[in-house]
Amino acid sequence: MRRKIPSLGALAAFEAAARHQSFTTAADELAVTQSAVCRQIATLEDFVGVKLFRRTRRGVVLTDAGINYSRRVRDRLDDVERDTLEVMARGGPGGSLELGVVPTFATQWLLPRLPDFHRQHPGITLHFAPRTRPFLFDDSTLHAAIYAGPAGWPGTESHFLMQEAMVAVASPALVPGQLKAQDLAGHTLLQASTRPHAWRQWFAAQGVVAPNDMAGPRMELFSMLAKAAVHGLGVALIPRLLIEDDLAAGRLRQVVPFEWISDRSYYLIYPQAPVQRQALQVFSQWLQAQAAPYRAAAAAGG
């Protein structure tokens with residue numbers, strides 16, 4: 001049965017014209033004439049039987065139908081482009097995996113370990129997109145996500161990777177010796193805007209009440225907090241697994257000998273009925289192996 005699908009040329013012309021709200025600019029982008037774009041759009045409108053643009057004195061404007069259709073067409077063309085690039089890049093067995101990741105976790109923990117994955121599985125390409133909150137896989141092109149939270153979310157399956165141990169750290173130049181939790185009252189506490197109560201929970205776990213526990217500069221990412229602490233701007237509360245290199249190199253030091261296990265853990269999440277992708281199974285097994293030492297250390301108490 002013949003599919004009721006417009007020509008790819010017509011869809012590409014429509015997507016470009018919709019994005020730019022201009023036939024002329026779309027023609028420049030596609031390296032064709034403006035009249036060619038007009039013909040493609042007219043052909044598409046005849047095909048679907050709906051006006052997608054309104055012509056005005058100032059140019060063209062999408063109709064309501066055109067707005068909705070352009071969004072869907074853009075997503076489909078993105079999918080086609082991504083699949084085409086994968087075939088061009090691989091030209092053989094292997095595959096690719098689209099992963100949502102917590103940015104700092106990906107930068108500080110995952111990426112340094114990826115050379116090992118690529119040595120073992122050179123035919124698999126990993127693509128990353130930032131994701132910090134639950135989302136619907138059906139509304140994205142992602143196959144899986146590495147998520148930091150209490151657990152998975154509805155419609156997904158989750159594999160536990162590791163707990164999150166939070167430690168108070170600072171530059172050795174700022175805090176040269178060991179302190180007690182109550183001693184931090186005289187220091188600037190760097191705050192994670194995504195974890196506004198983290199310091200309060202850390203103090204409470206030690207039976208300490210600190211009046212300034214929510215005061216201090218706020219920053220969005222743990223990588224920002226780590227850099228600020230390295231430069232002596234204050235004391236930061238950061239998951240140990242994200243600053244292992246800074247601790248080993250002496251750029252940061254743990255200033256209070258206490259680790260607080262937060263209410264967040266790291267999980268690999270994917271839809272309950274995922275597309276059977278060998279790349280996902282391979283990556284999941286490798287990731288579990290990389291996280292195993294952290295689970296073992298937590299089970300041993302440190």
# chains A, B, ... in the order shown; residues from 1 in each chain; ligands from 1

call {"tool": "residues_around", "arguments": {"residues": "A:Leu280", "least_positions_apart": "4", "cutoff": "8 Å", "atoms": "only C-alpha atoms", "output": "PyMOL selection string"}}
result
chain A and resi 97+143-144+284

call {"tool": "write_last_selection", "arguments": {"atoms": "N, CA, C and O atoms", "output": "CSV table (one decimal), in the first residue's frame"}}
result
chain,number,residue,atom,x,y,z
A,97,LEU,N,23.1,5.1,21.2
A,97,LEU,CA,22.2,5.2,22.4
A,97,LEU,C,22.1,6.6,22.8
A,97,LEU,O,23.1,7.3,22.9
A,143,HIS,N,16.6,7.0,24.8
A,143,HIS,CA,16.3,5.6,25.1
A,143,HIS,C,16.4,5.3,26.6
A,143,HIS,O,15.9,4.3,27.0
A,144,ALA,N,17.2,6.1,27.3
A,144,ALA,CA,17.4,5.8,28.7
A,144,ALA,C,17.9,7.1,29.4
A,144,ALA,O,18.2,8.1,28.7
A,284,SER,N,24.1,-0.8,30.0
A,284,SER,CA,23.6,-1.1,31.3
A,284,SER,C,24.5,-2.0,32.1
A,284,SER,O,24.9,-1.8,33.2

call {"tool": "residues_around", "arguments": {"residues": "A:Leu233", "least_positions_apart": "4", "cutoff": "8 Å", "atoms": "only C-alpha atoms", "output": "list in words"}}
result
Thr188, Leu190, Ala228 and Ala229 of chain A

call {"tool": "residues_around", "arguments": {"residues": "A:Glu157", "least_positions_apart": "4", "cutoff": "10 Å", "atoms": "only C-alpha atoms", "output": "list of chain:residue names"}}
result
A:Ala144, A:Ala151, A:Gly152, A:Trp153, A:Tyr267, A:Leu268, A:Ile269, A:Tyr270, A:Pro271, A:Gln272, A:Ala273, A:Pro274

call {"tool": "write_last_selection", "arguments": {"atoms": "N, CA, C and O atoms", "output": "PDB file, in the first residue's frame"}}
result
ATOM      1  N   ALA A 144      17.201   6.076  27.310  1.00  0.00           N
ATOM      2  CA  ALA A 144      17.407   5.827  28.739  1.00  0.00           C
ATOM      3  C   ALA A 144      17.919   7.117  29.371  1.00  0.00           C
ATOM      4  O   ALA A 144      18.223   8.092  28.677  1.00  0.00           O
ATOM      5  N   ALA A 151      14.038   7.499  43.284  1.00  0.00           N
ATOM      6  CA  ALA A 151      13.852   6.220  42.566  1.00  0.00           C
ATOM      7  C   ALA A 151      13.423   6.558  41.149  1.00  0.00           C
ATOM      8  O   ALA A 151      13.621   7.687  40.685  1.00  0.00           O
ATOM      9  N   GLY A 152      12.801   5.601  40.485  1.00  0.00           N
ATOM     10  CA  GLY A 152      12.308   5.862  39.142  1.00  0.00           C
ATOM     11  C   GLY A 152      11.010   6.642  39.171  1.00  0.00           C
ATOM     12  O   GLY A 152      10.609   7.183  40.199  1.00  0.00           O
ATOM     13  N   TRP A 153      10.326   6.690  38.036  1.00  0.00           N
ATOM     14  CA  TRP A 153       9.026   7.356  37.982  1.00  0.00           C
ATOM     15  C   TRP A 153       8.075   6.495  37.165  1.00  0.00           C
ATOM     16  O   TRP A 153       8.497   5.539  36.499  1.00  0.00           O
ATOM     17  N   TYR A 267      20.362   6.214  39.392  1.00  0.00           N
ATOM     18  CA  TYR A 267      19.698   5.096  38.741  1.00  0.00           C
ATOM     19  C   TYR A 267      19.849   5.210  37.227  1.00  0.00           C
ATOM     20  O   TYR A 267      19.911   6.318  36.669  1.00  0.00           O
ATOM     21  N   LEU A 268      19.864   4.052  36.573  1.00  0.00           N
ATOM     22  CA  LEU A 268      19.681   4.014  35.126  1.00  0.00           C
ATOM     23  C   LEU A 268      18.207   3.730  34.885  1.00  0.00           C
ATOM     24  O   LEU A 268      17.673   2.725  35.366  1.00  0.00           O
ATOM     25  N   ILE A 269      17.558   4.620  34.156  1.00  0.00           N
ATOM     26  CA  ILE A 269      16.102   4.550  33.962  1.00  0.00           C
ATOM     27  C   ILE A 269      15.810   4.370  32.470  1.00  0.00           C
ATOM     28  O   ILE A 269      16.452   4.994  31.631  1.00  0.00           O
ATOM     29  N   TYR A 270      14.818   3.542  32.160  1.00  0.00           N
ATOM     30  CA  TYR A 270      14.365   3.414  30.768  1.00  0.00           C
ATOM     31  C   TYR A 270      12.892   3.001  30.777  1.00  0.00           C
ATOM     32  O   TYR A 270      12.353   2.585  31.814  1.00  0.00           O
ATOM     33  N   PRO A 271      12.202   3.127  29.642  1.00  0.00           N
ATOM     34  CA  PRO A 271      10.763   2.791  29.614  1.00  0.00           C
ATOM     35  C   PRO A 271      10.512   1.336  29.996  1.00  0.00           C
ATOM     36  O   PRO A 271      11.357   0.463  29.785  1.00  0.00           O
ATOM     37  N   GLN A 272       9.321   1.072  30.542  1.00  0.00           N
ATOM     38  CA  GLN A 272       8.986  -0.292  30.956  1.00  0.00           C
ATOM     39  C   GLN A 272       8.983  -1.261  29.783  1.00  0.00           C
ATOM     40  O   GLN A 272       9.311  -2.422  29.932  1.00  0.00           O
ATOM     41  N   ALA A 273       8.594  -0.771  28.615  1.00  0.00           N
ATOM     42  CA  ALA A 273       8.595  -1.611  27.423  1.00  0.00           C
ATOM     43  C   ALA A 273       9.535  -0.986  26.394  1.00  0.00           C
ATOM     44  O   ALA A 273       9.109  -0.438  25.389  1.00  0.00           O
ATOM     45  N   PRO A 274      10.848  -1.048  26.663  1.00  0.00           N
ATOM     46  CA  PRO A 274      11.787  -0.375  25.773  1.00  0.00           C
ATOM     47  C   PRO A 274      11.930  -1.087  24.439  1.00  0.00           C
ATOM     48  O   PRO A 274      11.688  -2.288  24.328  1.00  0.00           O
TER      49      PRO A 274
END

call {"tool": "closest_residue", "arguments": {"among": "A:Val48, A:Ala65, A:Ala215, A:Leu179", "to": "A:Ile5", "atoms": "only C-alpha atoms"}}
result
A:Val48

call {"tool": "closest_residue", "arguments": {"among": "A:Ala173, A:Val209, A:Ile261, A:Ala168", "to": "A:Ala185", "atoms": "only C-alpha atoms"}}
result
A:Val209

call {"tool": "residues_around", "arguments": {"residues": "stretch 41-45 of chain A", "least_positions_apart": "5", "cutoff": "7 Å", "atoms": "only C-alpha atoms", "output": "PyMOL selection string"}}
result
chain A and resi 6+10+13-14+50-52
